[in-house]
2 protein chains.
Amino acid sequence: MRTLVQIVIALFVTFSYLYAESTVKLNLLPVPKQIELEEGAFRLNEDFTMAVRGSENQRLYRAATRTLRRLSNRTGLFFSQDFITPQSEKTGDFIIQVNRTGQIKLHEDESYTLDINNEQISLSAETDIGAMRGLETVLQLMQADAEGYYFPSVHIEDAPRFPWRGLLIDVARHWMPVEVIKRNLDGIAAAKMNVLHWHLTEDQGFRVECKTFPKLHELGSDGFYYTQAQIKEIIDYAADRGIRVMPEFDIPGHSTSWFVGYPEYASQPGPYTVERKWGIMDPAFNPARAETYEFFDAFFKEMSDLFPDDYIHIGGDENNGIHWDANEEIQQFKRDNNIKDNHELQSYFNKRLLNILQKYDKKMVGWDEILQPDSPKDIVIQSWRGKESLIHAAKNGYQVLLSNGYYIDLIQPTDYHYLNDPLTEDMDLTPEQAQFILGGEATMWAEFVTPEIIDSRIWPRTAAIAERLWSPGDVRDVENMYDRLETFSFRLEELALQHEKNYLMMLRRLTNNRPTEPLQTLVDVVEPLKIYRRGQAREFTQHSPYTRVMDAARADQKVAREFRALMEQFLADGAHNPEMAEKIRQHFYLWAKNHSQLVDIIEVSPILREIESLSEDLQKISLIGLELMDALTAGEKIAPDRGEDISTVLKAAKKQRGQVELQVVEPIEKLLAYVSK
Amino acid sequence: MRTLVQIVIALFVTFSYLYAESTVKLNLLPVPKQIELEEGAFRLNEDFTMAVRGSENQRLYRAATRTLRRLSNRTGLFFSQDFITPQSEKTGDFIIQVNRTGQIKLHEDESYTLDINNEQISLSAETDIGAMRGLETVLQLMQADAEGYYFPSVHIEDAPRFPWRGLLIDVARHWMPVEVIKRNLDGIAAAKMNVLHWHLTEDQGFRVECKTFPKLHELGSDGFYYTQAQIKEIIDYAADRGIRVMPEFDIPGHSTSWFVGYPEYASQPGPYTVERKWGIMDPAFNPARAETYEFFDAFFKEMSDLFPDDYIHIGGDENNGIHWDANEEIQQFKRDNNIKDNHELQSYFNKRLLNILQKYDKKMVGWDEILQPDSPKDIVIQSWRGKESLIHAAKNGYQVLLSNGYYIDLIQPTDYHYLNDPLTEDMDLTPEQAQFILGGEATMWAEFVTPEIIDSRIWPRTAAIAERLWSPGDVRDVENMYDRLETFSFRLEELALQHEKNYLMMLRRLTNNRPTEPLQTLVDVVEPLKIYRRGQAREFTQHSPYTRVMDAARADQKVAREFRALMEQFLADGAHNPEMAEKIRQHFYLWAKNHSQLVDIIEVSPILREIESLSEDLQKISLIGLELMDALTAGEKIAPDRGEDISTVLKAAKKQRGQVELQVVEPIEKLLAYVSK
């Protein structure tokens, strides 16, 4: 008996056996294209073996071995197999069959078919890359019951919706050591993404060893750069997981660090020092000098050899033109060449660069500023300023990636990113035009992250974006996504990602090793300032401390989100469900009594002083919450005077302190409105 | 007013101000040679600046910058200084003055003098290495009160007791990536240790890229080895922290992995495969063939260039001689050369190696087996089998290191290692002989550790060994050490060490992301089987899962240790202190009710099944504990029959399950004895 699962309904599958009824919860993320759930299960035991067929490439053998170890580590089973190699047995409980070695290129086949029954697991794919995507699915399928570990019988056919599913990591504003990149590549692979967009240069740092122009990394990095050996190590590590690595060298703006060693290519004489502040800076390459293009020719020659990917990203964003306008030579150049403004001048610059990249067999990618009326058709546009630019590019026959709405540094909730679709019907694109939309990328800009925090800013939210880019477009159930995301996030820890474990560690440091519970109770319901408000609230630089409450606090805090949903449901149901009422009260009790415990810790932890009044406000609004619940129970109304007083307190509680905000004020406002009406 | 602190009394210093009485707790570890505490404090604020004088070497500037960042990260203060460089101001609130750049060599000067008063912090040292040791002391001195962060006024003169204070990390039995080594180098520096002993080769893996004999790493490592670029990266990282890196190539035994690529140098023809099991293996180099020494000549030539340290460790331990005895060529060689047994043969082998090492300007270190009656005097012996060999070596004029008693892989309690002194009066050594004792090394053998666990096996216990080797010999107060160690351990987290945060992470995995509290309540009072009993309890290999309860459980669990101390004190005081009695009861209540919560989790987490009966036993003995406490309160005796029944239950509870043991049975036995008498 087979049950075709309607994936859009979510992955809680109820189906009937002949003698029993059972609910199977499949924690798959991203949701596969097609799932058929069958009766039965493959039970895992210590005799379990895996076999690979059809691959001459070591890559898939290594991936199979990693899968075996991950299963062993989760289950505690002592499998007898150690390494799976081309010399291993070609038969086993789990057979992986591929036709060929995939290329680490855009548009490579990533599809796979998975069959699990009582006897065997079979994974087949055109390429080893597709098989690797399927291995992640197998790992997600594992379940446990009192009898042990098992995989439910299932037939899955899967392939991605978009061919380009990336994560940008900015390693320039804050330096990220090799291991940060490696563990995040494991996360990318787990989410079935396939591009690391490596933002390597900025005003604040030049992070690549350059042999042709060694002063770039010697003077532009404070000693924090990747050697070419490390870059190769990371590219190999990514390729081993079927992930492309696209470097970005952001020019002509965002380039102060280049000019510390080579001021002669800048539009102003310098001297330059590595930038420490955040923002849009004036320095820019001089597009009017032939030497600039000679420099880039030699530079991109070396980088084209170093980075095997077909694409090189040249940035092109946020060049404010101030240094261009102030340079008489550049102004004369514009006049001489009939270039009417800086947009056209940048377009000219880009065309020169494109020629250089083409000379070295590379395709050019840039932020949406690079799209000008006369831009050549073989560039790829990365849309960051808005969806209009995405649609505009596609309609004009340019390949395009969506990043607008995927800015994970802005601390927005997961569902906001999740529902942001690169391709919807209301875009009014022809099927041909729709083909130009290659996919999208989450962007981890690094003003406010360090190696300690970055995982918690990337994960788990990026996995929701990964699902948007992989799964069918009609998979859009937010509640179900949150449910699966929690399991996905938990399992990421087996890949050494630190998004979860660094939370308590940071709270321990903040309390100076005193009990963390009172602080956690508070931080569980606050979030950092969102969008660009953090940088507006105070000045931060490359060397500010990123260890305060606002850095420990995460986006989309679960306790706060669930409390908001609880209140929403309670009020929508008529505010008389006693169980819900009790749950709401329990929250208020906890928060109301928390402040007195936390002040004792703040007293000897001056770093916490900045959130003391926030903690007090949480107490105040919780007492108000209890008062409102009491009124509700008693069937009393809140007097208008009192209602106004309460509104004032609630409004004050919304104010940021230490660049964090309480996330549970709005449901109390709703409660007030309900009780007042 | 100055108060000379008696360090042996510990670091809780009570002293009188003119108008006030205050107790200052200095959390220094290792304890400095001499401390004088003064009235006053240097208060830290955002204007704080540091300056370095007298160093031409970038190393100290980088160390000062790291110190500044660590202070900023702890306090949340936005210091204006970014990088401290040779171009920075030579004046500031914190002045570091050195005379010269230290050499990364044995016997280099590591002393420093530190003065803190209301106005300034002054650190002076002969070498930048001494200054770096002093920077760690400054970081440990920071305190906080309601007014903010400060350093107490103090005068410290400090220097190590022993010149060689090392940590061995075995990266061969289980592979340890670069970042594991780096973060542990930071831990080593924080504990003022100065040697990483890098155990690079074993039966189970050859972990160094070798250009002369590439099949060593290509066939002997399963792909898990350090490139030479990575080795240089680690050596530089260590040198930047004043730490020597001594490589160990363990020969002639422990060498199976070498023979996978080069069976021609083995004593038996092979073929060989990388060993997966643990234990003493038979394969050994053939000492009778000239080609063997030609091989080692070329090998050590390359390695001598790669590793700049003066010392190379050649292992030399646990060669069982079985393959030598079975080789007729070797037997003939012994007869031809009047070599009477395998000990003499190994001595011959070592002498040939010594010649090779001397040719490349290296000094030889080996395990105590290498000391034979005719061994040359310029070798260094590392004593692992017992203190007798240490004394024997010193008396015979050999330089020697203590590792016996510092085997941190054996899960023994911290105080055992702490009280193990390499040089005590009862050794009956002359001052000249005592000089031969260079220090010691903690040894992190890697049968049972992975990158995820290793930090918790090394830290914090290794810091107690570091104190033994740095501080004056009369610093031996165990309780005080434990108190300071807790703070030291907490602060290690700022160096990205994972010993603390991986505990809960592993419990989350074990519960499959269900609430971890019930499991933690159990695991907090169990410890893995100690000494060599774990390997005897069941077979483990390189690919066993190291993710079970026994891997999450740590040595010297604090809850269990404190419970034992509490019971000890309670009974010693006559068992009538009501507060202590109440504390003891609270433990029993918690443990008694825990089992029913834990079984619900075990039901769906089969990996926990193995400790189910242990959890049940904790419940049983806690109920017994309450019964005994009740009897005590009532002034009743336990009847002999009942006493016997209880003894049986307690004895059964001591049995290992899943290779862990309850650590709180013995205090209940003592309670029973008390109530029974």
# chains A, B, ... in the order shown; residues from 1 in each chain; ligands from 1

call {"tool": "interface_residues", "arguments": {"of": "chain B", "to": "chain A", "cutoff": "7 Å", "atoms": "only C-alpha atoms", "output": "mmCIF file with all heavy atoms, in the first residue's frame"}}
result
data_model
loop_
_atom_site.group_PDB
_atom_site.id
_atom_site.type_symbol
_atom_site.label_atom_id
_atom_site.label_comp_id
_atom_site.auth_asym_id
_atom_site.auth_seq_id
_atom_site.Cartn_x
_atom_site.Cartn_y
_atom_site.Cartn_z
ATOM 1 N N SER B 72 38.069 43.661 26.778
ATOM 2 C CA SER B 72 36.894 44.297 26.186
ATOM 3 C C SER B 72 35.723 43.317 26.123
ATOM 4 O O SER B 72 34.587 43.658 26.443
ATOM 5 C CB SER B 72 37.255 44.798 24.785
ATOM 6 O OG SER B 72 36.119 45.282 24.120
ATOM 7 N N ASN B 73 36.021 42.078 25.728
ATOM 8 C CA ASN B 73 34.955 41.091 25.585
ATOM 9 C C ASN B 73 34.341 40.708 26.932
ATOM 10 O O ASN B 73 33.153 40.413 27.006
ATOM 11 C CB ASN B 73 35.488 39.837 24.884
ATOM 12 C CG ASN B 73 35.713 40.078 23.409
ATOM 13 O OD1 ASN B 73 35.177 41.025 22.835
ATOM 14 N ND2 ASN B 73 36.515 39.229 22.781
ATOM 15 N N ARG B 74 35.129 40.715 27.977
ATOM 16 C CA ARG B 74 34.578 40.390 29.288
ATOM 17 C C ARG B 74 33.762 41.517 29.880
ATOM 18 O O ARG B 74 32.792 41.280 30.590
ATOM 19 C CB ARG B 74 35.719 40.107 30.269
ATOM 20 C CG ARG B 74 36.362 38.775 30.099
ATOM 21 C CD ARG B 74 37.310 38.603 31.281
ATOM 22 N NE ARG B 74 38.327 37.623 30.971
ATOM 23 C CZ ARG B 74 39.410 37.441 31.716
ATOM 24 N NH1 ARG B 74 39.597 38.176 32.801
ATOM 25 N NH2 ARG B 74 40.288 36.526 31.382
ATOM 26 N N THR B 75 34.206 42.729 29.613
ATOM 27 C CA THR B 75 33.611 43.886 30.293
ATOM 28 C C THR B 75 32.568 44.596 29.451
ATOM 29 O O THR B 75 31.790 45.390 29.989
ATOM 30 C CB THR B 75 34.704 44.928 30.615
ATOM 31 O OG1 THR B 75 35.297 45.358 29.364
ATOM 32 C CG2 THR B 75 35.790 44.330 31.496
ATOM 33 N N GLY B 76 32.589 44.357 28.137
ATOM 34 C CA GLY B 76 31.701 45.115 27.263
ATOM 35 C C GLY B 76 32.152 46.552 27.062
ATOM 36 O O GLY B 76 31.401 47.355 26.508
ATOM 37 N N LEU B 77 33.358 46.883 27.486
ATOM 38 C CA LEU B 77 33.853 48.255 27.321
ATOM 39 C C LEU B 77 34.344 48.478 25.886
ATOM 40 O O LEU B 77 35.025 47.626 25.322
ATOM 41 C CB LEU B 77 34.988 48.525 28.319
ATOM 42 C CG LEU B 77 34.568 48.615 29.793
ATOM 43 C CD1 LEU B 77 35.791 48.658 30.704
ATOM 44 C CD2 LEU B 77 33.673 49.828 30.042
ATOM 45 N N PHE B 78 33.990 49.631 25.337
ATOM 46 C CA PHE B 78 34.378 49.986 23.968
ATOM 47 C C PHE B 78 35.709 50.742 24.006
ATOM 48 O O PHE B 78 35.731 51.967 23.924
ATOM 49 C CB PHE B 78 33.296 50.869 23.327
ATOM 50 C CG PHE B 78 32.043 50.144 22.941
ATOM 51 C CD1 PHE B 78 31.229 49.542 23.897
ATOM 52 C CD2 PHE B 78 31.655 50.048 21.606
ATOM 53 C CE1 PHE B 78 30.063 48.878 23.537
ATOM 54 C CE2 PHE B 78 30.492 49.376 21.236
ATOM 55 C CZ PHE B 78 29.698 48.793 22.205
ATOM 56 N N ASP B 82 42.743 49.927 18.870
ATOM 57 C CA ASP B 82 42.423 48.715 18.121
ATOM 58 C C ASP B 82 43.610 47.754 18.169
ATOM 59 O O ASP B 82 43.658 46.879 19.024
ATOM 60 C CB ASP B 82 41.947 49.023 16.694
ATOM 61 C CG ASP B 82 42.755 50.100 15.992
ATOM 62 O OD1 ASP B 82 43.991 49.983 15.972
ATOM 63 O OD2 ASP B 82 42.143 51.048 15.484
ATOM 64 N N ALA B 144 35.314 42.437 39.575
ATOM 65 C CA ALA B 144 34.208 43.374 39.331
ATOM 66 C C ALA B 144 33.475 43.648 40.643
ATOM 67 O O ALA B 144 33.397 42.785 41.519
ATOM 68 C CB ALA B 144 33.234 42.801 38.313
ATOM 69 N N ASP B 145 32.963 44.842 40.768
ATOM 70 C CA ASP B 145 32.038 45.158 41.850
ATOM 71 C C ASP B 145 30.965 46.089 41.283
ATOM 72 O O ASP B 145 30.915 46.289 40.061
ATOM 73 C CB ASP B 145 32.767 45.770 43.052
ATOM 74 C CG ASP B 145 33.481 47.071 42.708
ATOM 75 O OD1 ASP B 145 33.168 47.681 41.663
ATOM 76 O OD2 ASP B 145 34.364 47.471 43.486
ATOM 77 N N ALA B 146 30.139 46.621 42.149
ATOM 78 C CA ALA B 146 29.019 47.424 41.657
ATOM 79 C C ALA B 146 29.494 48.646 40.876
ATOM 80 O O ALA B 146 28.785 49.158 40.009
ATOM 81 C CB ALA B 146 28.134 47.852 42.828
ATOM 82 N N GLY B 148 32.166 48.736 38.865
ATOM 83 C CA GLY B 148 32.751 48.402 37.568
ATOM 84 C C GLY B 148 33.857 47.366 37.698
ATOM 85 O O GLY B 148 33.914 46.625 38.678
ATOM 86 N N GLU B 179 42.134 23.224 14.228
ATOM 87 C CA GLU B 179 41.532 24.118 15.221
ATOM 88 C C GLU B 179 41.531 23.506 16.627
ATOM 89 O O GLU B 179 41.549 24.241 17.607
ATOM 90 C CB GLU B 179 40.109 24.543 14.815
ATOM 91 C CG GLU B 179 39.062 23.452 14.830
ATOM 92 C CD GLU B 179 38.877 22.798 13.486
ATOM 93 O OE1 GLU B 179 39.836 22.869 12.661
ATOM 94 O OE2 GLU B 179 37.810 22.218 13.243
ATOM 95 N N PHE B 490 36.189 28.165 33.774
ATOM 96 C CA PHE B 490 35.169 29.054 33.200
ATOM 97 C C PHE B 490 35.808 30.024 32.214
ATOM 98 O O PHE B 490 35.319 30.239 31.106
ATOM 99 C CB PHE B 490 34.459 29.790 34.345
ATOM 100 C CG PHE B 490 33.893 31.126 33.976
ATOM 101 C CD1 PHE B 490 32.883 31.237 33.034
ATOM 102 C CD2 PHE B 490 34.384 32.289 34.565
ATOM 103 C CE1 PHE B 490 32.366 32.485 32.697
ATOM 104 C CE2 PHE B 490 33.870 33.530 34.227
ATOM 105 C CZ PHE B 490 32.862 33.631 33.292
ATOM 106 N N LYS B 501 30.842 23.630 27.190
ATOM 107 C CA LYS B 501 29.636 23.751 26.376
ATOM 108 C C LYS B 501 29.259 22.463 25.644
ATOM 109 O O LYS B 501 28.096 22.286 25.291
ATOM 110 C CB LYS B 501 29.732 24.929 25.419
ATOM 111 C CG LYS B 501 30.837 24.897 24.393
ATOM 112 C CD LYS B 501 30.933 26.285 23.717
ATOM 113 C CE LYS B 501 32.058 26.354 22.727
ATOM 114 N NZ LYS B 501 32.260 27.722 22.200
ATOM 115 N N MET B 505 25.503 19.889 25.065
ATOM 116 C CA MET B 505 25.277 19.535 23.654
ATOM 117 C C MET B 505 25.192 18.017 23.508
ATOM 118 O O MET B 505 24.310 17.486 22.834
ATOM 119 C CB MET B 505 26.405 20.113 22.804
ATOM 120 C CG MET B 505 26.297 19.842 21.319
ATOM 121 S SD MET B 505 27.019 18.259 20.808
ATOM 122 C CE MET B 505 28.776 18.653 20.876
ATOM 123 N N ARG B 509 21.964 15.565 22.381
ATOM 124 C CA ARG B 509 21.967 14.520 21.358
ATOM 125 C C ARG B 509 21.478 13.197 21.953
ATOM 126 O O ARG B 509 20.713 12.461 21.324
ATOM 127 C CB ARG B 509 23.359 14.358 20.755
ATOM 128 C CG ARG B 509 23.409 13.334 19.631
ATOM 129 C CD ARG B 509 24.730 13.361 18.873
ATOM 130 N NE ARG B 509 25.835 13.321 19.793
ATOM 131 C CZ ARG B 509 27.023 13.893 19.583
ATOM 132 N NH1 ARG B 509 27.269 14.530 18.481
ATOM 133 N NH2 ARG B 509 27.963 13.810 20.482
ATOM 134 N N ASN B 513 17.055 15.693 21.689
ATOM 135 C CA ASN B 513 16.503 17.052 21.816
ATOM 136 C C ASN B 513 15.291 17.144 22.740
ATOM 137 O O ASN B 513 14.500 18.071 22.630
ATOM 138 C CB ASN B 513 16.152 17.628 20.437
ATOM 139 C CG ASN B 513 16.238 19.146 20.420
ATOM 140 O OD1 ASN B 513 16.975 19.754 21.211
ATOM 141 N ND2 ASN B 513 15.488 19.769 19.535
ATOM 142 N N HIS B 543 36.700 3.464 15.213
ATOM 143 C CA HIS B 543 35.413 3.887 14.663
ATOM 144 C C HIS B 543 34.225 3.552 15.525
ATOM 145 O O HIS B 543 33.095 3.575 15.062
ATOM 146 C CB HIS B 543 35.241 3.332 13.249
ATOM 147 C CG HIS B 543 36.226 3.971 12.352
ATOM 148 N ND1 HIS B 543 37.348 3.321 11.909
ATOM 149 C CD2 HIS B 543 36.304 5.230 11.901
ATOM 150 C CE1 HIS B 543 38.061 4.154 11.190
ATOM 151 N NE2 HIS B 543 37.455 5.311 11.169
ATOM 152 N N SER B 544 34.487 3.274 16.780
ATOM 153 C CA SER B 544 33.366 3.121 17.696
ATOM 154 C C SER B 544 32.717 4.492 17.881
ATOM 155 O O SER B 544 33.354 5.513 17.664
ATOM 156 C CB SER B 544 33.878 2.619 19.047
ATOM 157 O OG SER B 544 34.576 1.409 18.879
ATOM 158 N N PRO B 545 31.451 4.494 18.291
ATOM 159 C CA PRO B 545 30.836 5.787 18.618
ATOM 160 C C PRO B 545 31.393 6.311 19.947
ATOM 161 O O PRO B 545 31.434 5.560 20.925
ATOM 162 C CB PRO B 545 29.349 5.440 18.740
ATOM 163 C CG PRO B 545 29.323 3.982 19.090
ATOM 164 C CD PRO B 545 30.515 3.371 18.427
ATOM 165 N N TYR B 546 31.815 7.549 19.959
ATOM 166 C CA TYR B 546 32.270 8.168 21.214
ATOM 167 C C TYR B 546 31.308 9.299 21.569
ATOM 168 O O TYR B 546 31.690 10.455 21.719
ATOM 169 C CB TYR B 546 33.726 8.642 21.074
ATOM 170 C CG TYR B 546 34.662 7.464 20.909
ATOM 171 C CD1 TYR B 546 35.060 7.025 19.657
ATOM 172 C CD2 TYR B 546 35.075 6.731 22.024
ATOM 173 C CE1 TYR B 546 35.879 5.912 19.506
ATOM 174 C CE2 TYR B 546 35.890 5.617 21.888
ATOM 175 C CZ TYR B 546 36.282 5.210 20.623
ATOM 176 O OH TYR B 546 37.071 4.103 20.494
ATOM 177 N N THR B 547 30.054 8.919 21.664
ATOM 178 C CA THR B 547 28.964 9.880 21.871
ATOM 179 C C THR B 547 27.983 9.363 22.916
ATOM 180 O O THR B 547 26.888 9.894 23.040
ATOM 181 C CB THR B 547 28.192 10.065 20.552
ATOM 182 O OG1 THR B 547 27.853 8.764 20.046
ATOM 183 C CG2 THR B 547 29.012 10.812 19.523
ATOM 184 N N ARG B 548 28.382 8.326 23.665
ATOM 185 C CA ARG B 548 27.471 7.737 24.634
ATOM 186 C C ARG B 548 27.573 8.473 25.972
ATOM 187 O O ARG B 548 28.363 9.394 26.134
ATOM 188 C CB ARG B 548 27.777 6.252 24.767
ATOM 189 C CG ARG B 548 27.577 5.495 23.430
ATOM 190 C CD ARG B 548 27.807 3.998 23.590
ATOM 191 N NE ARG B 548 29.107 3.746 24.162
ATOM 192 C CZ ARG B 548 29.352 2.851 25.105
ATOM 193 N NH1 ARG B 548 28.383 2.095 25.569
ATOM 194 N NH2 ARG B 548 30.559 2.692 25.573
ATOM 195 N N GLU B 603 12.828 5.713 26.914
ATOM 196 C CA GLU B 603 11.855 4.962 26.110
ATOM 197 C C GLU B 603 11.982 5.291 24.611
ATOM 198 O O GLU B 603 11.828 4.418 23.767
ATOM 199 C CB GLU B 603 10.440 5.309 26.610
ATOM 200 C CG GLU B 603 9.308 4.536 25.985
ATOM 201 C CD GLU B 603 9.396 3.031 26.309
ATOM 202 O OE1 GLU B 603 10.014 2.671 27.349
ATOM 203 O OE2 GLU B 603 8.852 2.249 25.529
ATOM 204 N N VAL B 604 12.294 6.527 24.298
ATOM 205 C CA VAL B 604 12.398 6.924 22.893
ATOM 206 C C VAL B 604 13.827 7.293 22.495
ATOM 207 O O VAL B 604 14.055 7.843 21.419
ATOM 208 C CB VAL B 604 11.439 8.091 22.577
ATOM 209 C CG1 VAL B 604 10.013 7.567 22.486
ATOM 210 C CG2 VAL B 604 11.558 9.193 23.616
ATOM 211 N N SER B 605 14.775 6.989 23.338
ATOM 212 C CA SER B 605 16.180 7.248 23.034
ATOM 213 C C SER B 605 16.979 5.988 23.335
ATOM 214 O O SER B 605 17.616 5.856 24.378
ATOM 215 C CB SER B 605 16.695 8.408 23.892
ATOM 216 O OG SER B 605 17.062 9.483 23.104
ATOM 217 N N PRO B 606 16.959 5.045 22.390
ATOM 218 C CA PRO B 606 17.568 3.736 22.673
ATOM 219 C C PRO B 606 19.039 3.813 23.100
ATOM 220 O O PRO B 606 19.519 2.927 23.807
ATOM 221 C CB PRO B 606 17.425 2.994 21.340
ATOM 222 C CG PRO B 606 16.290 3.659 20.633
ATOM 223 C CD PRO B 606 16.315 5.079 21.062
ATOM 224 N N ILE B 607 19.737 4.852 22.705
ATOM 225 C CA ILE B 607 21.149 4.963 23.075
ATOM 226 C C ILE B 607 21.316 5.063 24.592
ATOM 227 O O ILE B 607 22.391 4.786 25.128
ATOM 228 C CB ILE B 607 21.798 6.187 22.359
ATOM 229 C CG1 ILE B 607 23.323 6.175 22.486
ATOM 230 C CG2 ILE B 607 21.230 7.505 22.856
ATOM 231 C CD1 ILE B 607 24.034 7.213 21.627
#

call {"tool": "residues_around", "arguments": {"residues": "Leu353 in chain B", "least_positions_apart": "4", "cutoff": "10 Å", "atoms": "only C-alpha atoms", "output": "NGL selection string"}}
result
:B and (293 or 296-297 or 300 or 314 or 347-349 or 357-359 or 364)

call {"tool": "write_last_selection", "arguments": {"atoms": "C-alpha atoms", "output": "short mmCIF file (atom, residue, chain, number, x, y, z; two decimals), in the first residue's frame"}}
result
data_model
loop_
_atom_site.label_atom_id
_atom_site.label_comp_id
_atom_site.auth_asym_id
_atom_site.auth_seq_id
_atom_site.Cartn_x
_atom_site.Cartn_y
_atom_site.Cartn_z
CA TYR B 293 68.74 3.76 8.81
CA PHE B 296 65.39 7.38 8.86
CA ASP B 297 68.29 9.57 7.83
CA PHE B 300 64.59 12.97 9.98
CA ILE B 314 61.36 9.06 19.09
CA SER B 347 69.40 0.26 22.47
CA TYR B 348 71.47 -0.34 19.34
CA PHE B 349 68.60 1.02 17.22
CA LEU B 357 69.34 13.22 15.01
CA GLN B 358 72.69 14.68 16.05
CA LYS B 359 73.65 14.99 12.41
CA MET B 364 66.68 12.96 21.38
#

call {"tool": "select_by_dssp", "arguments": {"residues": "range 517-594 of chain B", "states": "strand (DSSP E or B)", "output": "list of chain:residue names"}}
result
B:Val526, B:Glu527, B:Pro528, B:Thr541

call {"tool": "write_last_selection", "arguments": {"atoms": "C-alpha atoms", "output": "mmCIF file, in the first residue's frame"}}
result
data_model
loop_
_atom_site.group_PDB
_atom_site.id
_atom_site.type_symbol
_atom_site.label_atom_id
_atom_site.label_comp_id
_atom_site.auth_asym_id
_atom_site.auth_seq_id
_atom_site.Cartn_x
_atom_site.Cartn_y
_atom_site.Cartn_z
ATOM 1 C CA VAL B 526 28.661 9.262 37.197
ATOM 2 C CA GLU B 527 32.138 9.017 35.789
ATOM 3 C CA PRO B 528 33.641 6.892 33.020
ATOM 4 C CA THR B 541 38.147 0.729 17.905
#

call {"tool": "residues_around", "arguments": {"residues": "range 213-218 of chain B", "least_positions_apart": "3", "cutoff": "9 Å", "atoms": "only C-alpha atoms", "output": "VMD selection string"}}
result
chain B and resid 205 to 210 221 to 226 257 to 262 295 298 to 299

call {"tool": "residues_around", "arguments": {"residues": "range 285-292 of chain A", "least_positions_apart": "5", "cutoff": "7 Å", "atoms": "only C-alpha atoms", "output": "VMD selection string"}}
result
chain A and resid 252 to 253 265 to 267 330 333 349

call {"tool": "decode", "arguments": {"residues": "range 447-456 of chain A", "atoms": "N, CA and C atoms", "output": "mmCIF file, in the first residue's frame"}}
result
data_model
loop_
_atom_site.group_PDB
_atom_site.id
_atom_site.type_symbol
_atom_site.label_atom_id
_atom_site.label_comp_id
_atom_site.auth_asym_id
_atom_site.auth_seq_id
_atom_site.Cartn_x
_atom_site.Cartn_y
_atom_site.Cartn_z
ATOM 1 N N GLU A 447 29.360 42.969 10.042
ATOM 2 C CA GLU A 447 29.614 44.068 10.978
ATOM 3 C C GLU A 447 29.494 43.602 12.425
ATOM 4 N N PHE A 448 28.455 42.843 12.709
ATOM 5 C CA PHE A 448 28.102 42.568 14.102
ATOM 6 C C PHE A 448 28.291 41.107 14.495
ATOM 7 N N VAL A 449 29.098 40.388 13.753
ATOM 8 C CA VAL A 449 29.323 38.988 14.129
ATOM 9 C C VAL A 449 30.815 38.703 14.272
ATOM 10 N N THR A 450 31.109 37.788 15.153
ATOM 11 C CA THR A 450 32.465 37.284 15.369
ATOM 12 C C THR A 450 32.388 35.765 15.205
ATOM 13 N N PRO A 451 33.533 35.081 15.219
ATOM 14 C CA PRO A 451 33.493 33.622 15.086
ATOM 15 C C PRO A 451 32.600 32.953 16.135
ATOM 16 N N GLU A 452 32.429 33.613 17.255
ATOM 17 C CA GLU A 452 31.629 33.069 18.354
ATOM 18 C C GLU A 452 30.124 33.197 18.106
ATOM 19 N N ILE A 453 29.735 34.223 17.380
ATOM 20 C CA ILE A 453 28.303 34.534 17.195
ATOM 21 C C ILE A 453 27.775 34.107 15.837
ATOM 22 N N ILE A 454 28.655 34.031 14.865
ATOM 23 C CA ILE A 454 28.197 33.956 13.469
ATOM 24 C C ILE A 454 27.256 32.775 13.230
ATOM 25 N N ASP A 455 27.527 31.627 13.856
ATOM 26 C CA ASP A 455 26.660 30.473 13.617
ATOM 27 C C ASP A 455 25.220 30.771 14.021
ATOM 28 N N SER A 456 25.052 31.510 15.112
ATOM 29 C CA SER A 456 23.691 31.782 15.596
ATOM 30 C C SER A 456 22.981 32.818 14.731
#
